[in-house]
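Novice: Following this line is my_file05.txt, made up of compact mmCIF, C-alpha atoms:
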# COMPACT_ATOMS: atom_id res chain seq x y z
CA MET A 1 -224.14 207.89 8.50
CA GLU A 2 -224.28 211.32 10.06
CA GLU A 3 -224.21 214.33 7.75
CA ASP A 4 -222.77 217.84 8.02
CA ILE A 5 -219.96 216.94 10.36
CA LYS A 6 -217.52 219.76 10.86
CA PRO A 7 -214.08 218.17 10.77
CA ASP A 8 -211.45 219.22 13.28
CA LYS A 9 -208.66 218.34 10.86
CA LYS A 10 -208.39 217.74 7.13
CA ILE A 11 -205.76 215.83 5.18
CA ASN A 12 -205.27 215.54 1.44
CA ILE A 13 -203.73 212.23 0.47
CA LYS A 14 -204.43 212.41 -3.25
CA GLY A 15 -201.72 210.68 -5.22
CA LEU A 16 -200.93 208.20 -2.46
CA ILE A 17 -201.59 204.49 -2.78
CA CYS A 18 -202.01 201.76 -0.16
CA PRO A 19 -200.65 201.26 2.40
CA TYR A 20 -199.42 204.88 2.61
CA THR A 21 -203.01 206.13 2.42
CA PHE A 22 -203.74 204.35 5.69
CA VAL A 23 -200.35 205.23 7.18
CA LYS A 24 -201.09 208.95 6.70
CA ALA A 25 -204.68 208.64 7.92
CA LYS A 26 -203.63 206.66 11.00
CA LEU A 27 -200.87 209.10 11.94
CA ALA A 28 -203.34 211.97 11.61
CA ILE A 29 -205.88 210.22 13.86
CA GLU A 30 -203.21 209.39 16.45
CA ASP A 31 -202.44 213.09 16.84
CA MET A 32 -206.10 214.00 17.46
CA GLU A 33 -208.23 213.90 20.59
CA VAL A 34 -211.01 211.37 21.17
CA GLY A 35 -214.24 212.83 19.80
CA GLU A 36 -212.59 214.85 17.06
CA ALA A 37 -213.34 214.22 13.38
CA LEU A 38 -210.83 213.82 10.56
CA GLU A 39 -211.68 214.56 6.93
CA ILE A 40 -209.65 212.67 4.33
CA LEU A 41 -209.55 213.61 0.65
CA LEU A 42 -208.22 210.81 -1.56
CA ASP A 43 -208.20 209.58 -5.13
CA TYR A 44 -207.13 205.94 -4.74
CA GLU A 45 -210.33 203.96 -5.03
CA GLU A 46 -209.23 200.94 -3.02
CA ALA A 47 -208.46 203.23 -0.07
CA SER A 48 -212.06 204.50 -0.08
CA ARG A 49 -212.98 200.99 1.05
CA SER A 50 -209.90 199.89 2.97
CA ILE A 51 -209.44 202.98 5.14
CA PRO A 52 -213.01 202.89 6.53
CA LYS A 53 -212.68 199.15 7.20
CA SER A 54 -209.30 199.52 8.87
CA MET A 55 -210.44 202.49 10.93
CA GLU A 56 -213.41 200.49 12.18
CA ASP A 57 -211.11 197.56 12.98
CA HIS A 58 -209.05 199.97 15.08
CA GLY A 59 -212.18 201.10 16.93
CA GLN A 60 -212.79 204.42 15.16
CA LYS A 61 -216.15 205.58 13.79
CA VAL A 62 -216.72 206.14 10.07
CA LEU A 63 -219.08 209.09 9.66
CA LYS A 64 -218.95 209.60 5.92
CA VAL A 65 -217.73 207.95 2.71
CA GLU A 66 -218.60 210.04 -0.35
CA LYS A 67 -217.47 210.07 -3.96
CA ILE A 68 -217.35 213.76 -4.74
CA ASN A 69 -216.34 213.66 -8.41
CA ASP A 70 -214.92 211.30 -11.05
CA THR A 71 -211.66 210.78 -9.20
CA ASP A 72 -212.01 211.82 -5.57
CA TRP A 73 -213.54 210.57 -2.35
CA VAL A 74 -214.07 212.27 0.98
CA LEU A 75 -214.08 210.25 4.20
CA VAL A 76 -214.88 211.54 7.65
CA ILE A 77 -213.65 209.50 10.61
CA ARG A 78 -214.34 210.27 14.25
CA LYS A 79 -211.71 209.24 16.78
CA GLU A 80 -213.36 206.99 19.37
CA LYS A 81 -210.30 205.55 21.09
CA GLU A 82 -206.57 206.07 21.49
CA MET B 1 -196.60 212.53 14.19
CA SER B 2 -195.80 214.38 11.00
CA GLU B 3 -192.20 214.62 12.15
CA PHE B 4 -191.55 211.31 10.39
CA THR B 5 -189.67 211.84 7.15
CA GLU B 6 -191.14 210.42 3.96
CA ASP B 7 -188.43 207.77 4.01
CA GLN B 8 -189.39 206.82 7.55
CA LEU B 9 -193.08 206.61 6.62
CA GLN B 10 -192.15 204.09 3.95
CA ARG B 11 -189.56 202.22 6.00
CA TYR B 12 -191.82 201.80 9.02
CA SER B 13 -195.20 201.65 7.25
CA ARG B 14 -195.77 197.99 8.18
CA HIS B 15 -195.21 198.91 11.80
CA ILE B 16 -197.29 202.08 11.77
CA ILE B 17 -200.37 200.30 10.43
CA LEU B 18 -200.31 197.80 13.30
CA PRO B 19 -202.69 198.94 16.06
CA GLU B 20 -200.14 197.77 18.69
CA VAL B 21 -197.38 199.92 17.20
CA GLY B 22 -198.66 202.93 15.24
CA GLY B 23 -196.78 206.17 14.93
CA LYS B 24 -196.51 206.46 18.70
CA GLY B 25 -194.99 203.01 19.08
CA GLN B 26 -192.57 203.66 16.25
CA LYS B 27 -191.46 206.83 18.02
CA LYS B 28 -190.85 204.78 21.17
CA LEU B 29 -188.67 202.41 19.16
CA LEU B 30 -186.72 205.29 17.63
CA ASN B 31 -186.12 206.75 21.09
CA ALA B 32 -185.20 203.42 22.73
CA LYS B 33 -181.70 202.45 23.82
CA VAL B 34 -180.72 198.78 23.96
CA PHE B 35 -177.43 197.32 25.19
CA ILE B 36 -176.42 193.98 23.66
CA ILE B 37 -173.79 191.77 25.29
CA GLY B 38 -171.98 189.85 22.55
CA ALA B 39 -171.82 190.34 18.77
CA GLY B 40 -171.89 186.63 18.00
CA GLY B 41 -174.57 184.08 17.15
CA LEU B 42 -177.28 185.76 19.23
CA GLY B 43 -176.10 189.37 19.17
CA CYS B 44 -176.08 189.41 15.36
CA PRO B 45 -179.75 188.58 14.75
CA VAL B 46 -180.92 190.54 17.80
CA GLY B 47 -179.07 193.67 16.67
CA TYR B 48 -180.03 193.13 13.03
CA TYR B 49 -183.76 192.98 13.73
CA LEU B 50 -183.68 195.77 16.29
CA ALA B 51 -181.89 197.93 13.73
CA ALA B 52 -184.45 197.02 11.08
CA ALA B 53 -187.24 197.88 13.52
CA GLY B 54 -185.75 201.33 14.06
CA VAL B 55 -184.52 200.98 17.63
CA GLY B 56 -182.65 204.26 17.75
CA THR B 57 -179.59 203.44 19.85
CA ILE B 58 -177.98 200.02 19.96
CA ALA B 59 -174.75 199.40 21.87
CA MET B 60 -172.83 196.16 21.39
CA ILE B 61 -169.92 194.95 23.43
CA ASP B 62 -167.60 192.14 22.32
CA ASN B 63 -163.84 191.73 22.43
CA ASP B 64 -163.44 189.28 19.55
CA GLU B 65 -162.53 189.56 15.89
CA VAL B 66 -164.47 187.91 13.07
CA GLU B 67 -163.24 184.44 12.15
CA LEU B 68 -164.28 182.20 9.29
CA SER B 69 -165.83 179.70 11.71
CA ASN B 70 -168.24 182.44 12.89
CA LEU B 71 -169.89 182.85 9.50
CA GLN B 72 -171.89 179.62 9.76
CA ARG B 73 -174.27 181.49 12.11
CA GLN B 74 -173.14 185.06 12.88
CA ILE B 75 -175.07 186.79 10.12
CA ALA B 76 -173.91 190.36 10.63
CA HIS B 77 -170.35 189.47 9.62
CA SER B 78 -168.91 188.49 6.25
CA VAL B 79 -165.76 187.46 4.44
CA LYS B 80 -165.11 191.17 3.97
CA THR B 81 -164.83 191.70 7.73
CA LEU B 82 -162.67 188.68 8.59
CA GLY B 83 -160.10 189.73 11.18
CA LYS B 84 -161.95 192.92 12.06
CA PRO B 85 -163.57 193.53 15.43
CA LYS B 86 -167.00 191.90 15.52
CA VAL B 87 -168.58 195.04 16.93
CA GLU B 88 -167.24 197.13 14.03
CA SER B 89 -168.41 194.54 11.52
CA ALA B 90 -171.88 194.48 13.08
CA LYS B 91 -172.05 198.27 13.31
CA ASN B 92 -171.39 198.58 9.57
CA THR B 93 -174.02 195.96 8.76
CA PHE B 94 -176.71 197.48 10.98
CA GLU B 95 -176.10 201.06 9.91
CA SER B 96 -176.16 199.99 6.25
CA LEU B 97 -179.54 198.41 6.86
CA ASN B 98 -180.94 201.43 8.66
CA PRO B 99 -179.21 204.82 8.86
CA ASP B 100 -181.73 205.90 11.51
CA VAL B 101 -179.92 203.71 14.00
CA ASN B 102 -176.90 204.80 16.02
CA VAL B 103 -174.77 201.74 16.76
CA ILE B 104 -172.19 202.09 19.52
CA ALA B 105 -169.40 199.55 19.07
CA LEU B 106 -167.51 198.64 22.24
CA LYS B 107 -164.53 196.41 21.56
CA GLN B 108 -163.77 195.20 25.02
CA ARG B 109 -164.72 192.55 27.51
CA ILE B 110 -167.66 193.17 29.76
CA SER B 111 -166.62 192.92 33.40
CA LYS B 112 -167.72 193.74 36.90
CA ASN B 113 -165.66 196.91 36.62
CA ASN B 114 -167.42 198.37 33.59
CA ILE B 115 -170.90 196.83 33.33
CA MET B 116 -172.75 199.19 35.69
CA GLU B 117 -171.35 202.26 33.97
CA PHE B 118 -172.25 200.85 30.54
CA ILE B 119 -175.83 199.80 31.19
CA LYS B 120 -176.93 202.77 33.26
CA ASP B 121 -177.98 204.86 30.25
CA TYR B 122 -179.86 202.05 28.48
CA ASP B 123 -183.49 200.95 28.73
CA ILE B 124 -183.02 197.23 28.15
CA VAL B 125 -180.10 194.79 28.23
CA VAL B 126 -179.84 191.74 25.96
CA ASP B 127 -177.55 188.88 26.92
CA GLY B 128 -176.15 187.04 23.93
CA SER B 129 -173.01 185.88 25.67
CA ASP B 130 -171.66 182.35 25.38
CA ASN B 131 -170.40 181.63 28.87
CA PHE B 132 -171.67 181.26 32.40
CA PRO B 133 -169.49 183.84 34.15
CA THR B 134 -170.82 186.55 31.84
CA ARG B 135 -174.38 185.28 32.14
CA TYR B 136 -174.26 185.55 35.93
CA LEU B 137 -172.46 188.88 35.85
CA VAL B 138 -175.09 190.34 33.52
CA ASN B 139 -177.95 188.93 35.59
CA ASP B 140 -176.62 190.28 38.86
CA ALA B 141 -175.80 193.70 37.36
CA CYS B 142 -179.26 194.04 35.80
CA VAL B 143 -180.98 193.07 39.06
CA MET B 144 -178.87 195.62 40.96
CA ALA B 145 -179.43 198.33 38.34
CA GLY B 146 -183.12 197.50 37.86
CA LYS B 147 -182.69 197.00 34.11
CA PRO B 148 -184.93 194.62 32.16
CA LEU B 149 -182.84 191.78 30.73
CA VAL B 150 -183.66 189.50 27.81
CA SER B 151 -181.42 186.48 28.18
CA GLY B 152 -180.79 183.86 25.52
CA ALA B 153 -178.67 180.73 25.30
CA ILE B 154 -177.97 178.13 22.63
CA LEU B 155 -176.29 174.77 22.50
CA ARG B 156 -176.32 172.14 19.76
CA PHE B 157 -180.01 172.00 18.78
CA GLU B 158 -181.55 173.62 21.84
CA GLY B 159 -182.15 177.22 22.80
CA GLN B 160 -183.53 179.04 25.82
CA VAL B 161 -185.01 182.49 26.27
CA THR B 162 -186.19 184.27 29.40
CA THR B 163 -187.03 187.87 30.26
CA ILE B 164 -186.00 189.23 33.63
CA ILE B 165 -187.87 192.22 35.03
CA PRO B 166 -186.04 193.14 38.25
CA GLY B 167 -188.30 193.74 41.22
CA ASP B 168 -191.24 192.14 39.44
CA GLY B 169 -190.34 188.70 38.07
CA HIS B 170 -187.70 186.04 38.52
CA CYS B 171 -184.00 186.42 37.81
CA TYR B 172 -181.44 183.98 36.41
CA ARG B 173 -180.35 182.97 39.91
CA CYS B 174 -183.95 182.08 40.84
CA LEU B 175 -183.60 179.54 38.06
CA PHE B 176 -180.01 178.39 38.62
CA GLU B 177 -178.69 179.78 41.87
CA GLU B 178 -175.02 179.03 41.25
CA MET B 179 -172.89 178.63 38.20
CA PRO B 180 -172.41 174.98 37.25
CA PRO B 181 -168.93 173.64 38.05
CA ALA B 182 -166.61 174.11 35.09
CA GLY B 183 -166.36 170.37 34.39
CA LEU B 184 -170.12 170.09 33.90
CA VAL B 185 -170.29 172.89 31.38
CA PRO B 186 -169.73 171.73 27.82
CA SER B 187 -166.72 173.56 26.45
CA CYS B 188 -166.55 174.82 22.90
CA GLN B 189 -164.78 171.66 21.81
CA GLU B 190 -167.71 169.55 22.93
CA ALA B 191 -170.44 171.88 21.84
CA GLY B 192 -171.54 172.34 18.29
CA VAL B 193 -174.47 174.46 17.30
CA LEU B 194 -176.82 174.30 14.36
CA GLY B 195 -176.17 177.54 12.47
CA VAL B 196 -179.79 178.62 12.23
CA LEU B 197 -180.51 178.05 15.94
CA PRO B 198 -179.24 181.46 17.11
CA GLY B 199 -181.42 183.01 14.40
CA VAL B 200 -184.51 181.52 15.99
CA VAL B 201 -183.46 182.31 19.55
CA GLY B 202 -182.16 185.78 18.67
CA GLY B 203 -185.41 186.48 16.81
CA LEU B 204 -187.33 185.56 19.96
CA GLN B 205 -185.08 187.81 22.05
CA ALA B 206 -185.56 190.74 19.64
CA THR B 207 -189.33 190.19 19.83
CA GLU B 208 -189.20 190.36 23.63
CA VAL B 209 -187.24 193.62 23.42
CA LEU B 210 -189.72 195.20 21.02
CA LYS B 211 -192.67 194.25 23.24
CA LEU B 212 -190.92 195.69 26.28
CA ILE B 213 -190.32 198.98 24.45
CA LEU B 214 -193.87 199.12 23.11
CA GLY B 215 -195.45 197.98 26.37
CA LYS B 216 -197.58 195.47 24.45
CA GLY B 217 -198.24 191.77 24.81
CA ASP B 218 -196.74 189.40 27.35
CA VAL B 219 -193.06 188.74 27.89
CA LEU B 220 -191.30 185.67 29.32
CA LYS B 221 -191.44 186.99 32.88
CA ASN B 222 -191.35 184.12 35.39
CA GLU B 223 -191.01 181.77 32.44
CA LEU B 224 -188.27 180.02 30.51
CA LEU B 225 -188.94 179.16 26.87
CA ILE B 226 -187.08 176.14 25.55
CA TYR B 227 -186.86 175.54 21.82
CA ASN B 228 -185.78 172.18 20.46
CA ALA B 229 -184.81 172.49 16.82
CA LEU B 230 -184.52 168.75 16.19
CA LYS B 231 -188.01 168.02 17.46
CA THR B 232 -189.47 171.40 16.47
CA THR B 233 -190.95 171.93 19.92
CA PHE B 234 -191.41 174.98 22.10
CA ARG B 235 -191.82 174.35 25.81
CA LYS B 236 -192.53 176.96 28.47
CA VAL B 237 -191.39 176.24 32.01
CA LYS B 238 -192.66 178.29 34.95
CA VAL B 239 -189.89 179.96 36.92
CA PRO B 240 -191.34 181.47 40.07
CA LYS B 241 -189.42 184.26 41.74
CA ASN B 242 -187.44 182.71 44.59
CA PRO B 243 -187.95 184.71 47.81
CA ASP B 244 -184.61 183.31 49.03
CA CYS B 245 -182.74 184.16 45.81
CA PRO B 246 -179.21 185.32 46.72
CA VAL B 247 -179.45 188.35 44.45
CA CYS B 248 -183.13 189.31 44.02
CA GLY B 249 -184.64 187.72 47.17
CA LYS B 250 -185.84 189.45 50.33
CA ASN B 251 -182.48 189.19 52.06
CA PRO B 252 -179.91 189.06 49.29
CA THR B 253 -176.42 187.75 50.10
CA ILE B 254 -175.00 189.07 46.82
CA THR B 255 -175.16 192.83 47.10
CA GLU B 256 -172.20 193.74 44.94
CA LEU B 257 -170.74 192.23 41.81
CA LEU B 258 -168.49 189.23 42.41
CA ASP B 259 -165.31 187.93 40.84
CA TYR B 260 -166.97 185.96 38.10
CA ASP B 261 -164.60 183.22 37.17
CA ALA B 262 -163.75 183.47 33.52
CA GLU B 263 -161.99 180.16 33.14
CA TYR B 264 -164.47 178.82 30.62
CA CYS B 265 -163.26 178.73 27.08
CA THR B 266 -164.95 181.20 24.78
CA MET B 267 -166.84 179.64 21.88
CA ARG B 268 -166.02 180.90 18.44
Show how you would write the structure in this file as structure tokens.

Specialist:
Amino acid sequence: MEEDIKPDKKINIKGLICPYTFVKAKLAIEDMEVGEALEILLDYEEASRSIPKSMEDHGQKVLKVEKINDTDWVLVIRKEKE
Amino acid sequence: MSEFTEDQLQRYSRHIILPEVGGKGQKKLLNAKVFIIGAGGLGCPVGYYLAAAGVGTIAMIDNDEVELSNLQRQIAHSVKTLGKPKVESAKNTFESLNPDVNVIALKQRISKNNIMEFIKDYDIVVDGSDNFPTRYLVNDACVMAGKPLVSGAILRFEGQVTTIIPGDGHCYRCLFEEMPPAGLVPSCQEAGVLGVLPGVVGGLQATEVLKLILGKGDVLKNELLIYNALKTTFRKVKVPKNPDCPVCGKNPTITELLDYDAEYCTMR
């Protein structure tokens, strides 16, 4: 895991559950350029595991998965491919 | 991609999360225009699934009204639409399923005089007709117009699907150069059909259309898929492009649409 990545885009998907968590994250990644990093703020625990796995399955790079408080996680994903 | 509405995000979520579709693919589907020949056994499931998938513009042409004998297999119609034009019945069904879709209902017979004008604004043509004259008309028109054509046919327990990419793969005349003589073609009186068969074949046709729009996977180019419902078998037959094909060959002899004999009885 790399630290101190400066994201190019941030999305807040708190309140969303699967699969809409991944739908929102995927649409955000699709709109970005290869090499850019997306920061995702979420509060649905399952998505803190499923989004990184799905992003890796789609060929993207997971840079960070961090629980930042009792309810929230921050993920950082770098776009590696279209 | 945030131009999707919240309703669309939910409706198409199972598409968007597929790597082969995604938001970009879903946008392609919403912008696509498909022309379906026939609102019967094949046209119903093809149009139904394309509407569900969010194909934005779907035209259907058919000159018939809904009859009770159609309802054994033509799933877009119902007892409430008996006697109404099939295309109107189908339009109501598809637009109820998905208001994103604009269905253009054309209650008339497709002919050599109108087909070129109809298909010119569409990306893909689907043949769900039930007779040879129409099948050959649609093939020849699509070859001449350079429109991809997904052709399907059903009889009794057997169905066929093939995808014609003009200029690249085979066409229907590479497979069967001339229409069979009328006496050899089973008429509607002789030909029953298992009600679910057009569902299978139409589902395959709709799948071909979606792949063509998305530009993903392989389609039945230079191939004919034959499904036997009694045996539960799928068989693929190679259909090489015929360099001497009268319509898509190097020196075509059919360069304008012919008088396609419409003496075959229309199946209901």

Novice: Do me a favour and pick out the residues of chain A within 9 Å of chain B, using all atoms listed in the file, as a list of chain:residue names.

Specialist: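 Every residue of chain A that passes the 9 Å test is in A:Pro19, A:Tyr20, A:Phe22, A:Val23, A:Lys24, A:Lys26, A:Leu27, A:Ala28, A:Glu30, A:Asp31, A:His58.
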
Novice: Might you pull out every residue within 7 Å of range 59-65 of chain A, with all atoms listed in the file counted and same-chain residues fewer than 6 positions away left off, and present them as number ranges by chain?

Specialist: A: 1-2, 52, 74-81

Novice: Fewer than 3 positions away in the same chain doesn't count, so skip those; otherwise give me all residues within 10 Å of Asp100 in chain B, counting all atoms listed in the file, as a PyMOL selection string.

Specialist: chain B and resi 8+30+51-57+94-97+103

Novice: With all atoms listed in the file as the counted atoms, please give the residues lying no more than 7 Å from Ile37 in chain B, apart from itself and same-chain residues fewer than 4 positions off, as a list in words.

Specialist: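 Once the adjacent positions are removed, what remains is Gly43, Met60, Ile61, Asp62, Val126, Asp127, Gly128 and Ser129 of chain B.
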
Novice: Using CA of Gln108 in chain B and CA of Glu256 in chain B as the two end points, give the distance in Å to one decimal.

Specialist: 21.7 Å

Novice: Find the residues near Ser69 in chain B: any atom within 12 Å, counting all atoms listed in the file, skip ones fewer than 6 places away on the same chain, and give them as a count of residues only.

Specialist: 13
